[in-house]
Amino acid sequence: MPTQAAPGMGQRALGVVPGLALTVAIAAAAFGLRQVPGVALFSPMILAILIGIAFHNLVGTPARAKAGVVFSLRRVLRLAIILLGLQLTAAQVAEVGAAGITIIVATLVATFAFTVRLGRAMGVEPKLAELIAAGTSICGASAVIATNTVTRAPDEDVAYAVACVTVFGSIAMFAYPLLPALLGLDAHAYGLWAGASIHEIAQVVAASFQGGQSAGEFGTVAKLSRVMLLAPVVLSLGFMATRRAAKLGQDHAAAKAPVPWFVLGFIALVGINSVVSIPAEARSVIVMATTFMLSVALAAMGLETDIRKLRAKGLRPLLLGLAAFIFIAGFSLTLIKLVG
């Protein structure tokens, strides 16, 4: 019997190769494009999903690539999220302080709840509203695709949510550096504001360092502390989805977990990174590899996204993303002023 099973496994592995090669090539192209002046402002993840969407809608994704695209969306994505844990330590969280962590947690919870409820009032599809809420309140595109492991929204919803957080995170990246003097923010307060409210890690780094070295370093640490909250949020959404399925009387398979067990791997690596000193060179390689794998996953997302379906969703989700962006910026700034 084992000798009969092996060829089947080998065939499945070979079936993954064309699609995986395609997503890797798109991710590599995204990294290459960042060498073009001006394009480096965008993360390779964003460029990867854009290239993937363009390829799918202009050329067409080959049928034989399907298995590899799905592999990239699931396996590669989960491994990348686990590896994100090696970018965080408990010591970094301690640097933010109790007041800073309180502001970050309160902002995340309030923004997520506000976005989901406003989305319901605006008539935005609940799963899409949840993805926009996660991307805005936690860490941009990474949070969108991690949250979708339990939300299970259509690929077009994921692409739309990624577009929303990219647009408004980019606006914040350019607008925030103009505001510290006007708002009376010192370097510490400005860094905390940027870290607590701007969407992507790269956007936070770009915006916060415009306020000086101190603001940049604190903003980066505050943002990484916020990223750490990705684990409890995704786990909570998984348990909520399971309970909803059970209440609706769905069959056992549907009601049984979308519990994202890979998030436990993320938490474990945060713990390891907190007690084991990883050399700077190795850390740099890990960060690059993680970003590349996330780009591969987003390339796969783009390869399954139909622009016609995106257009059909209209402007309401985009307006929801704008409202969420304004809310997180205003709410976090208010808390910083009150505490500060």
# chains A, B, ... in the order shown; residues from 1 in each chain; ligands from 1

call {"tool": "closest_atom_pairs", "arguments": {"of": "stretch 60-153 of chain A", "to": "stretch 18-22 of chain A", "cutoff": "8 Å", "atoms": "only C-alpha atoms", "output": "Markdown table"}}
result
| residue | atom | partner | partner_atom | distance |
| --- | --- | --- | --- | --- |
| A:Arg64 | CA | A:Pro18 | CA | 6.8 |
| A:Ala65 | CA | A:Gly19 | CA | 3.7 |
| A:Lys66 | CA | A:Gly19 | CA | 6.0 |
| A:Ala67 | CA | A:Gly19 | CA | 6.4 |
| A:Gly68 | CA | A:Gly19 | CA | 3.7 |
| A:Val69 | CA | A:Gly19 | CA | 4.9 |
| A:Phe71 | CA | A:Leu20 | CA | 7.2 |
| A:Ser72 | CA | A:Leu20 | CA | 6.3 |

call {"tool": "residues_around", "arguments": {"residues": "A:Phe174", "least_positions_apart": "6", "cutoff": "10 Å", "atoms": "only C-alpha atoms", "output": "PyMOL selection string"}}
result
chain A and resi 203+206-207+210

call {"tool": "write_last_selection", "arguments": {"atoms": "N, CA, C and O atoms", "output": "short mmCIF file (atom, residue, chain, number, x, y, z; two decimals), in the first residue's frame"}}
result
data_model
loop_
_atom_site.label_atom_id
_atom_site.label_comp_id
_atom_site.auth_asym_id
_atom_site.auth_seq_id
_atom_site.Cartn_x
_atom_site.Cartn_y
_atom_site.Cartn_z
N GLN A 203 5.26 51.74 5.83
CA GLN A 203 4.71 53.09 5.84
C GLN A 203 5.00 53.80 7.16
O GLN A 203 5.29 54.99 7.18
N ALA A 206 8.69 54.82 7.13
CA ALA A 206 8.91 55.98 6.26
C ALA A 206 8.40 57.26 6.90
O ALA A 206 9.06 58.31 6.83
N ALA A 207 7.22 57.20 7.52
CA ALA A 207 6.62 58.41 8.10
C ALA A 207 7.28 58.81 9.41
O ALA A 207 7.57 59.99 9.64
N GLN A 210 10.72 60.57 9.49
CA GLN A 210 10.70 61.97 9.06
C GLN A 210 10.65 62.92 10.26
O GLN A 210 10.97 64.10 10.15
#

call {"tool": "closest_residue", "arguments": {"among": "A:Ala329, A:Ala289, A:Leu294, A:Leu79", "to": "A:Leu108", "atoms": "only C-alpha atoms"}}
result
A:Ala329

call {"tool": "closest_atom_pairs", "arguments": {"of": "stretch 178-295 of chain A", "to": "stretch 25-31 of chain A", "cutoff": "12 Å", "atoms": "only C-alpha atoms", "output": "CSV"}}
result
residue,atom,partner,partner_atom,distance
A:Met288,CA,A:Phe31,CA,10.3
A:Ala289,CA,A:Ala27,CA,11.3
A:Thr290,CA,A:Ala27,CA,11.9
A:Thr291,CA,A:Ala27,CA,9.6
A:Phe292,CA,A:Ala27,CA,6.6
A:Met293,CA,A:Ala27,CA,8.1
A:Leu294,CA,A:Ala27,CA,8.8
A:Ser295,CA,A:Ala27,CA,5.3

call {"tool": "closest_residue", "arguments": {"among": "A:Leu322, A:Thr23, A:Ile328, A:Ala202", "to": "A:His56", "atoms": "only C-alpha atoms"}}
result
A:Thr23

call {"tool": "residues_around", "arguments": {"residues": "stretch 297-308 of chain A", "least_positions_apart": "6", "cutoff": "8 Å", "atoms": "only C-alpha atoms", "output": "PDB file with N, CA, C and O atoms, in the first residue's frame"}}
result
ATOM      1  N   THR A  23       3.919  32.335  -9.137  1.00  0.00           N
ATOM      2  CA  THR A  23       3.788  33.287  -8.026  1.00  0.00           C
ATOM      3  C   THR A  23       5.159  33.766  -7.545  1.00  0.00           C
ATOM      4  O   THR A  23       5.323  34.940  -7.195  1.00  0.00           O
ATOM      5  N   VAL A  24       6.148  32.870  -7.550  1.00  0.00           N
ATOM      6  CA  VAL A  24       7.504  33.264  -7.160  1.00  0.00           C
ATOM      7  C   VAL A  24       8.070  34.267  -8.170  1.00  0.00           C
ATOM      8  O   VAL A  24       8.716  35.258  -7.796  1.00  0.00           O
ATOM      9  N   ILE A  26       6.388  36.360 -10.023  1.00  0.00           N
ATOM     10  CA  ILE A  26       5.708  37.649  -9.840  1.00  0.00           C
ATOM     11  C   ILE A  26       6.266  38.367  -8.619  1.00  0.00           C
ATOM     12  O   ILE A  26       6.508  39.580  -8.645  1.00  0.00           O
ATOM     13  N   ALA A  27       6.497  37.620  -7.530  1.00  0.00           N
ATOM     14  CA  ALA A  27       7.076  38.227  -6.330  1.00  0.00           C
ATOM     15  C   ALA A  27       8.464  38.779  -6.624  1.00  0.00           C
ATOM     16  O   ALA A  27       8.821  39.888  -6.180  1.00  0.00           O
ATOM     17  N   MET A  45       4.785  43.541  -1.438  1.00  0.00           N
ATOM     18  CA  MET A  45       3.505  42.831  -1.318  1.00  0.00           C
ATOM     19  C   MET A  45       2.428  43.498  -2.162  1.00  0.00           C
ATOM     20  O   MET A  45       1.647  42.843  -2.853  1.00  0.00           O
ATOM     21  N   ILE A  46       2.393  44.827  -2.091  1.00  0.00           N
ATOM     22  CA  ILE A  46       1.400  45.580  -2.855  1.00  0.00           C
ATOM     23  C   ILE A  46       1.669  45.439  -4.346  1.00  0.00           C
ATOM     24  O   ILE A  46       0.748  45.214  -5.145  1.00  0.00           O
ATOM     25  N   ALA A  48       3.175  43.011  -5.815  1.00  0.00           N
ATOM     26  CA  ALA A  48       2.918  41.621  -6.223  1.00  0.00           C
ATOM     27  C   ALA A  48       1.445  41.395  -6.525  1.00  0.00           C
ATOM     28  O   ALA A  48       1.100  40.754  -7.528  1.00  0.00           O
ATOM     29  N   ILE A  49       0.560  41.913  -5.687  1.00  0.00           N
ATOM     30  CA  ILE A  49      -0.861  41.695  -5.945  1.00  0.00           C
ATOM     31  C   ILE A  49      -1.307  42.461  -7.183  1.00  0.00           C
ATOM     32  O   ILE A  49      -2.136  41.978  -7.969  1.00  0.00           O
ATOM     33  N   LEU A  50      -0.718  43.643  -7.422  1.00  0.00           N
ATOM     34  CA  LEU A  50      -1.070  44.413  -8.618  1.00  0.00           C
ATOM     35  C   LEU A  50      -0.619  43.696  -9.892  1.00  0.00           C
ATOM     36  O   LEU A  50      -1.363  43.630 -10.878  1.00  0.00           O
ATOM     37  N   ILE A  51       0.611  43.152  -9.859  1.00  0.00           N
ATOM     38  CA  ILE A  51       1.103  42.403 -11.023  1.00  0.00           C
ATOM     39  C   ILE A  51       0.246  41.165 -11.245  1.00  0.00           C
ATOM     40  O   ILE A  51      -0.108  40.819 -12.378  1.00  0.00           O
ATOM     41  N   GLY A  52      -0.101  40.486 -10.157  1.00  0.00           N
ATOM     42  CA  GLY A  52      -0.938  39.292 -10.259  1.00  0.00           C
ATOM     43  C   GLY A  52      -2.295  39.586 -10.863  1.00  0.00           C
ATOM     44  O   GLY A  52      -2.784  38.845 -11.728  1.00  0.00           O
ATOM     45  N   ILE A  53      -2.913  40.677 -10.423  1.00  0.00           N
ATOM     46  CA  ILE A  53      -4.218  41.075 -10.970  1.00  0.00           C
ATOM     47  C   ILE A  53      -4.094  41.399 -12.457  1.00  0.00           C
ATOM     48  O   ILE A  53      -4.921  40.979 -13.279  1.00  0.00           O
ATOM     49  N   ALA A  54      -3.054  42.160 -12.809  1.00  0.00           N
ATOM     50  CA  ALA A  54      -2.847  42.524 -14.220  1.00  0.00           C
ATOM     51  C   ALA A  54      -2.632  41.280 -15.079  1.00  0.00           C
ATOM     52  O   ALA A  54      -3.210  41.152 -16.166  1.00  0.00           O
ATOM     53  N   PHE A  55      -1.830  40.349 -14.593  1.00  0.00           N
ATOM     54  CA  PHE A  55      -1.547  39.125 -15.348  1.00  0.00           C
ATOM     55  C   PHE A  55      -2.829  38.321 -15.552  1.00  0.00           C
ATOM     56  O   PHE A  55      -3.120  37.855 -16.665  1.00  0.00           O
ATOM     57  N   HIS A  56      -3.582  38.157 -14.481  1.00  0.00           N
ATOM     58  CA  HIS A  56      -4.790  37.335 -14.565  1.00  0.00           C
ATOM     59  C   HIS A  56      -5.816  37.940 -15.513  1.00  0.00           C
ATOM     60  O   HIS A  56      -6.470  37.224 -16.288  1.00  0.00           O
ATOM     61  N   ASN A  57      -5.974  39.267 -15.461  1.00  0.00           N
ATOM     62  CA  ASN A  57      -7.033  39.905 -16.238  1.00  0.00           C
ATOM     63  C   ASN A  57      -6.613  40.258 -17.663  1.00  0.00           C
ATOM     64  O   ASN A  57      -7.482  40.434 -18.526  1.00  0.00           O
ATOM     65  N   THR A  61      -4.672  33.356 -16.067  1.00  0.00           N
ATOM     66  CA  THR A  61      -3.907  32.374 -15.300  1.00  0.00           C
ATOM     67  C   THR A  61      -4.135  30.988 -15.877  1.00  0.00           C
ATOM     68  O   THR A  61      -5.277  30.536 -15.970  1.00  0.00           O
ATOM     69  N   VAL A  69      -1.040  27.974  -7.253  1.00  0.00           N
ATOM     70  CA  VAL A  69      -1.575  29.242  -6.762  1.00  0.00           C
ATOM     71  C   VAL A  69      -2.255  29.019  -5.413  1.00  0.00           C
ATOM     72  O   VAL A  69      -2.061  29.786  -4.462  1.00  0.00           O
ATOM     73  N   VAL A  70      -3.055  27.967  -5.319  1.00  0.00           N
ATOM     74  CA  VAL A  70      -3.721  27.634  -4.053  1.00  0.00           C
ATOM     75  C   VAL A  70      -2.678  27.304  -2.978  1.00  0.00           C
ATOM     76  O   VAL A  70      -2.815  27.723  -1.822  1.00  0.00           O
ATOM     77  N   SER A  72       0.322  28.506  -2.749  1.00  0.00           N
ATOM     78  CA  SER A  72       0.915  29.784  -2.332  1.00  0.00           C
ATOM     79  C   SER A  72       0.002  30.533  -1.379  1.00  0.00           C
ATOM     80  O   SER A  72       0.459  31.142  -0.405  1.00  0.00           O
ATOM     81  N   LEU A  73      -1.297  30.500  -1.665  1.00  0.00           N
ATOM     82  CA  LEU A  73      -2.275  31.206  -0.837  1.00  0.00           C
ATOM     83  C   LEU A  73      -2.401  30.588   0.546  1.00  0.00           C
ATOM     84  O   LEU A  73      -2.723  31.298   1.505  1.00  0.00           O
ATOM     85  N   ARG A  74      -2.186  29.305   0.660  1.00  0.00           N
ATOM     86  CA  ARG A  74      -2.401  28.628   1.931  1.00  0.00           C
ATOM     87  C   ARG A  74      -1.089  28.319   2.650  1.00  0.00           C
ATOM     88  O   ARG A  74      -0.782  28.883   3.694  1.00  0.00           O
ATOM     89  N   VAL A  76       2.268  28.714   1.811  1.00  0.00           N
ATOM     90  CA  VAL A  76       3.312  29.738   1.853  1.00  0.00           C
ATOM     91  C   VAL A  76       2.894  30.882   2.770  1.00  0.00           C
ATOM     92  O   VAL A  76       3.702  31.398   3.552  1.00  0.00           O
ATOM     93  N   LEU A  77       1.635  31.282   2.687  1.00  0.00           N
ATOM     94  CA  LEU A  77       1.122  32.360   3.542  1.00  0.00           C
ATOM     95  C   LEU A  77       1.274  32.008   5.014  1.00  0.00           C
ATOM     96  O   LEU A  77       1.756  32.815   5.816  1.00  0.00           O
ATOM     97  N   ASP A 155     -11.773  36.064  -3.049  1.00  0.00           N
ATOM     98  CA  ASP A 155     -10.492  36.706  -3.348  1.00  0.00           C
ATOM     99  C   ASP A 155     -10.651  38.173  -3.724  1.00  0.00           C
ATOM    100  O   ASP A 155      -9.785  38.998  -3.440  1.00  0.00           O
ATOM    101  N   GLU A 156     -11.770  38.500  -4.388  1.00  0.00           N
ATOM    102  CA  GLU A 156     -12.005  39.893  -4.772  1.00  0.00           C
ATOM    103  C   GLU A 156     -12.153  40.784  -3.537  1.00  0.00           C
ATOM    104  O   GLU A 156     -11.725  41.947  -3.539  1.00  0.00           O
ATOM    105  N   VAL A 158     -10.626  40.270  -0.675  1.00  0.00           N
ATOM    106  CA  VAL A 158      -9.275  40.427  -0.148  1.00  0.00           C
ATOM    107  C   VAL A 158      -8.514  41.484  -0.959  1.00  0.00           C
ATOM    108  O   VAL A 158      -7.857  42.363  -0.403  1.00  0.00           O
ATOM    109  N   ALA A 159      -8.613  41.407  -2.264  1.00  0.00           N
ATOM    110  CA  ALA A 159      -7.931  42.375  -3.126  1.00  0.00           C
ATOM    111  C   ALA A 159      -8.449  43.788  -2.877  1.00  0.00           C
ATOM    112  O   ALA A 159      -7.660  44.744  -2.826  1.00  0.00           O
TER     113      ALA A 159
END

call {"tool": "residues_around", "arguments": {"residues": "A:Gly216", "least_positions_apart": "6", "cutoff": "10 Å", "atoms": "only C-alpha atoms", "output": "PDB file with N, CA, C and O atoms, in the first residue's frame"}}
result
ATOM      1  N   ALA A 187       8.779  64.144  19.672  1.00  0.00           N
ATOM      2  CA  ALA A 187       9.228  62.974  18.915  1.00  0.00           C
ATOM      3  C   ALA A 187       8.585  61.681  19.429  1.00  0.00           C
ATOM      4  O   ALA A 187       8.157  60.830  18.641  1.00  0.00           O
ATOM      5  N   HIS A 188       8.497  61.538  20.749  1.00  0.00           N
ATOM      6  CA  HIS A 188       7.926  60.334  21.342  1.00  0.00           C
ATOM      7  C   HIS A 188       6.449  60.198  20.974  1.00  0.00           C
ATOM      8  O   HIS A 188       5.993  59.133  20.543  1.00  0.00           O
ATOM      9  N   TYR A 190       4.815  61.660  18.521  1.00  0.00           N
ATOM     10  CA  TYR A 190       4.641  61.482  17.074  1.00  0.00           C
ATOM     11  C   TYR A 190       4.929  60.046  16.646  1.00  0.00           C
ATOM     12  O   TYR A 190       4.190  59.454  15.848  1.00  0.00           O
ATOM     13  N   GLY A 191       6.014  59.477  17.188  1.00  0.00           N
ATOM     14  CA  GLY A 191       6.343  58.093  16.867  1.00  0.00           C
ATOM     15  C   GLY A 191       5.240  57.143  17.298  1.00  0.00           C
ATOM     16  O   GLY A 191       4.864  56.225  16.555  1.00  0.00           O
ATOM     17  N   LEU A 192       4.690  57.363  18.505  1.00  0.00           N
ATOM     18  CA  LEU A 192       3.606  56.522  18.993  1.00  0.00           C
ATOM     19  C   LEU A 192       2.368  56.669  18.118  1.00  0.00           C
ATOM     20  O   LEU A 192       1.699  55.672  17.798  1.00  0.00           O
ATOM     21  N   ALA A 194       2.221  57.534  14.913  1.00  0.00           N
ATOM     22  CA  ALA A 194       2.463  56.845  13.637  1.00  0.00           C
ATOM     23  C   ALA A 194       2.369  55.327  13.813  1.00  0.00           C
ATOM     24  O   ALA A 194       1.717  54.629  13.022  1.00  0.00           O
ATOM     25  N   GLY A 195       2.995  54.804  14.857  1.00  0.00           N
ATOM     26  CA  GLY A 195       2.999  53.366  15.079  1.00  0.00           C
ATOM     27  C   GLY A 195       1.633  52.805  15.424  1.00  0.00           C
ATOM     28  O   GLY A 195       1.321  51.651  15.098  1.00  0.00           O
ATOM     29  N   VAL A 204       4.925  53.047   8.259  1.00  0.00           N
ATOM     30  CA  VAL A 204       5.248  53.618   9.571  1.00  0.00           C
ATOM     31  C   VAL A 204       6.712  54.040   9.625  1.00  0.00           C
ATOM     32  O   VAL A 204       7.035  55.135  10.091  1.00  0.00           O
ATOM     33  N   VAL A 205       7.590  53.172   9.133  1.00  0.00           N
ATOM     34  CA  VAL A 205       9.018  53.488   9.134  1.00  0.00           C
ATOM     35  C   VAL A 205       9.283  54.751   8.318  1.00  0.00           C
ATOM     36  O   VAL A 205       9.978  55.670   8.767  1.00  0.00           O
ATOM     37  N   ALA A 206       8.694  54.820   7.133  1.00  0.00           N
ATOM     38  CA  ALA A 206       8.905  55.977   6.261  1.00  0.00           C
ATOM     39  C   ALA A 206       8.399  57.263   6.905  1.00  0.00           C
ATOM     40  O   ALA A 206       9.055  58.310   6.834  1.00  0.00           O
ATOM     41  N   ALA A 207       7.221  57.202   7.519  1.00  0.00           N
ATOM     42  CA  ALA A 207       6.617  58.410   8.102  1.00  0.00           C
ATOM     43  C   ALA A 207       7.280  58.806   9.411  1.00  0.00           C
ATOM     44  O   ALA A 207       7.566  59.990   9.644  1.00  0.00           O
ATOM     45  N   SER A 208       7.539  57.843  10.292  1.00  0.00           N
ATOM     46  CA  SER A 208       8.028  58.185  11.630  1.00  0.00           C
ATOM     47  C   SER A 208       9.458  58.725  11.610  1.00  0.00           C
ATOM     48  O   SER A 208       9.787  59.638  12.372  1.00  0.00           O
ATOM     49  N   PHE A 209      10.318  58.193  10.732  1.00  0.00           N
ATOM     50  CA  PHE A 209      11.692  58.679  10.690  1.00  0.00           C
ATOM     51  C   PHE A 209      11.796  60.094  10.120  1.00  0.00           C
ATOM     52  O   PHE A 209      12.840  60.748  10.270  1.00  0.00           O
ATOM     53  N   GLN A 210      10.721  60.571   9.490  1.00  0.00           N
ATOM     54  CA  GLN A 210      10.696  61.972   9.061  1.00  0.00           C
ATOM     55  C   GLN A 210      10.653  62.915  10.264  1.00  0.00           C
ATOM     56  O   GLN A 210      10.969  64.095  10.147  1.00  0.00           O
ATOM     57  N   ALA A 222       6.576  50.684  18.326  1.00  0.00           N
ATOM     58  CA  ALA A 222       5.139  50.742  18.595  1.00  0.00           C
ATOM     59  C   ALA A 222       4.363  49.952  17.545  1.00  0.00           C
ATOM     60  O   ALA A 222       3.403  49.231  17.862  1.00  0.00           O
TER      61      ALA A 222
END

call {"tool": "atom_distance", "arguments": {"atom1": "atom CA of A:Val150", "atom2": "atom CA of A:Leu47"}}
result
24.5 Å

call {"tool": "closest_residue", "arguments": {"among": "A:Trp193, A:Val296, A:Gly38, A:Pro177", "to": "A:Ile145", "atoms": "only C-alpha atoms"}}
result
A:Val296

call {"tool": "residues_around", "arguments": {"residues": "A:Gly85", "least_positions_apart": "6", "cutoff": "9 Å", "atoms": "only C-alpha atoms", "output": "PyMOL selection string"}}
result
chain A and resi 228+265-273

call {"tool": "select_by_dssp", "arguments": {"residues": "stretch 173-228 of chain A", "states": "alpha helix (DSSP H)", "output": "ChimeraX atom specification"}}
result
/A:173-175,180-183,187-197,201-208,213-228

call {"tool": "closest_residue", "arguments": {"among": "A:Leu182, A:Ile201, A:Ile104, A:Met122", "to": "A:Leu41", "atoms": "only C-alpha atoms"}}
result
A:Ile201

call {"tool": "decode", "arguments": {"residues": "stretch 157-167 of chain A", "atoms": "all heavy atoms", "output": "PDB file, in the first residue's frame"}}
result
ATOM      1  N   ASP A 157     -12.746  40.250  -2.464  1.00  0.00           N
ATOM      2  CA  ASP A 157     -12.863  41.013  -1.223  1.00  0.00           C
ATOM      3  C   ASP A 157     -11.480  41.288  -0.643  1.00  0.00           C
ATOM      4  O   ASP A 157     -11.196  42.381  -0.144  1.00  0.00           O
ATOM      5  CB  ASP A 157     -13.705  40.245  -0.203  1.00  0.00           C
ATOM      6  CG  ASP A 157     -15.201  40.316  -0.489  1.00  0.00           C
ATOM      7  OD1 ASP A 157     -15.566  40.837  -1.558  1.00  0.00           O
ATOM      8  OD2 ASP A 157     -15.995  39.847   0.351  1.00  0.00           O
ATOM      9  N   VAL A 158     -10.626  40.270  -0.675  1.00  0.00           N
ATOM     10  CA  VAL A 158      -9.275  40.427  -0.148  1.00  0.00           C
ATOM     11  C   VAL A 158      -8.514  41.484  -0.959  1.00  0.00           C
ATOM     12  O   VAL A 158      -7.857  42.363  -0.403  1.00  0.00           O
ATOM     13  CB  VAL A 158      -8.517  39.092  -0.175  1.00  0.00           C
ATOM     14  CG1 VAL A 158      -7.094  39.270   0.342  1.00  0.00           C
ATOM     15  CG2 VAL A 158      -9.254  38.052   0.669  1.00  0.00           C
ATOM     16  N   ALA A 159      -8.613  41.407  -2.264  1.00  0.00           N
ATOM     17  CA  ALA A 159      -7.931  42.375  -3.126  1.00  0.00           C
ATOM     18  C   ALA A 159      -8.449  43.788  -2.877  1.00  0.00           C
ATOM     19  O   ALA A 159      -7.660  44.744  -2.826  1.00  0.00           O
ATOM     20  CB  ALA A 159      -8.131  41.995  -4.591  1.00  0.00           C
ATOM     21  N   TYR A 160      -9.751  43.919  -2.702  1.00  0.00           N
ATOM     22  CA  TYR A 160     -10.337  45.238  -2.451  1.00  0.00           C
ATOM     23  C   TYR A 160      -9.843  45.779  -1.117  1.00  0.00           C
ATOM     24  O   TYR A 160      -9.475  46.952  -0.991  1.00  0.00           O
ATOM     25  CB  TYR A 160     -11.864  45.143  -2.453  1.00  0.00           C
ATOM     26  CG  TYR A 160     -12.578  46.444  -2.757  1.00  0.00           C
ATOM     27  CD1 TYR A 160     -13.503  46.537  -3.786  1.00  0.00           C
ATOM     28  CD2 TYR A 160     -12.336  47.596  -2.017  1.00  0.00           C
ATOM     29  CE1 TYR A 160     -14.175  47.723  -4.068  1.00  0.00           C
ATOM     30  CE2 TYR A 160     -12.983  48.790  -2.286  1.00  0.00           C
ATOM     31  CZ  TYR A 160     -13.902  48.849  -3.316  1.00  0.00           C
ATOM     32  OH  TYR A 160     -14.546  50.037  -3.583  1.00  0.00           O
ATOM     33  N   ALA A 161      -9.824  44.919  -0.092  1.00  0.00           N
ATOM     34  CA  ALA A 161      -9.371  45.349   1.226  1.00  0.00           C
ATOM     35  C   ALA A 161      -7.907  45.758   1.191  1.00  0.00           C
ATOM     36  O   ALA A 161      -7.514  46.773   1.795  1.00  0.00           O
ATOM     37  CB  ALA A 161      -9.589  44.228   2.242  1.00  0.00           C
ATOM     38  N   VAL A 162      -7.080  45.002   0.491  1.00  0.00           N
ATOM     39  CA  VAL A 162      -5.666  45.342   0.358  1.00  0.00           C
ATOM     40  C   VAL A 162      -5.517  46.696  -0.342  1.00  0.00           C
ATOM     41  O   VAL A 162      -4.696  47.533   0.056  1.00  0.00           O
ATOM     42  CB  VAL A 162      -4.904  44.250  -0.415  1.00  0.00           C
ATOM     43  CG1 VAL A 162      -3.502  44.724  -0.817  1.00  0.00           C
ATOM     44  CG2 VAL A 162      -4.795  42.988   0.429  1.00  0.00           C
ATOM     45  N   ALA A 163      -6.335  46.922  -1.374  1.00  0.00           N
ATOM     46  CA  ALA A 163      -6.293  48.207  -2.085  1.00  0.00           C
ATOM     47  C   ALA A 163      -6.641  49.360  -1.150  1.00  0.00           C
ATOM     48  O   ALA A 163      -5.985  50.406  -1.164  1.00  0.00           O
ATOM     49  CB  ALA A 163      -7.250  48.175  -3.269  1.00  0.00           C
ATOM     50  N   CYS A 164      -7.667  49.159  -0.314  1.00  0.00           N
ATOM     51  CA  CYS A 164      -8.092  50.212   0.624  1.00  0.00           C
ATOM     52  C   CYS A 164      -6.974  50.580   1.593  1.00  0.00           C
ATOM     53  O   CYS A 164      -6.643  51.762   1.754  1.00  0.00           O
ATOM     54  CB  CYS A 164      -9.312  49.745   1.420  1.00  0.00           C
ATOM     55  SG  CYS A 164     -10.876  49.894   0.552  1.00  0.00           S
ATOM     56  N   VAL A 165      -6.397  49.571   2.236  1.00  0.00           N
ATOM     57  CA  VAL A 165      -5.380  49.879   3.241  1.00  0.00           C
ATOM     58  C   VAL A 165      -4.104  50.422   2.594  1.00  0.00           C
ATOM     59  O   VAL A 165      -3.379  51.203   3.215  1.00  0.00           O
ATOM     60  CB  VAL A 165      -5.071  48.646   4.127  1.00  0.00           C
ATOM     61  CG1 VAL A 165      -6.313  48.196   4.874  1.00  0.00           C
ATOM     62  CG2 VAL A 165      -4.493  47.500   3.322  1.00  0.00           C
ATOM     63  N   THR A 166      -3.856  50.054   1.347  1.00  0.00           N
ATOM     64  CA  THR A 166      -2.691  50.582   0.635  1.00  0.00           C
ATOM     65  C   THR A 166      -2.870  52.063   0.320  1.00  0.00           C
ATOM     66  O   THR A 166      -1.980  52.889   0.563  1.00  0.00           O
ATOM     67  CB  THR A 166      -2.459  49.806  -0.671  1.00  0.00           C
ATOM     68  OG1 THR A 166      -2.246  48.429  -0.367  1.00  0.00           O
ATOM     69  CG2 THR A 166      -1.251  50.354  -1.414  1.00  0.00           C
ATOM     70  N   VAL A 167      -4.042  52.402  -0.204  1.00  0.00           N
ATOM     71  CA  VAL A 167      -4.325  53.797  -0.571  1.00  0.00           C
ATOM     72  C   VAL A 167      -4.232  54.710   0.637  1.00  0.00           C
ATOM     73  O   VAL A 167      -3.510  55.724   0.637  1.00  0.00           O
ATOM     74  CB  VAL A 167      -5.716  53.907  -1.230  1.00  0.00           C
ATOM     75  CG1 VAL A 167      -6.143  55.375  -1.340  1.00  0.00           C
ATOM     76  CG2 VAL A 167      -5.710  53.262  -2.600  1.00  0.00           C
TER      77      VAL A 167
END
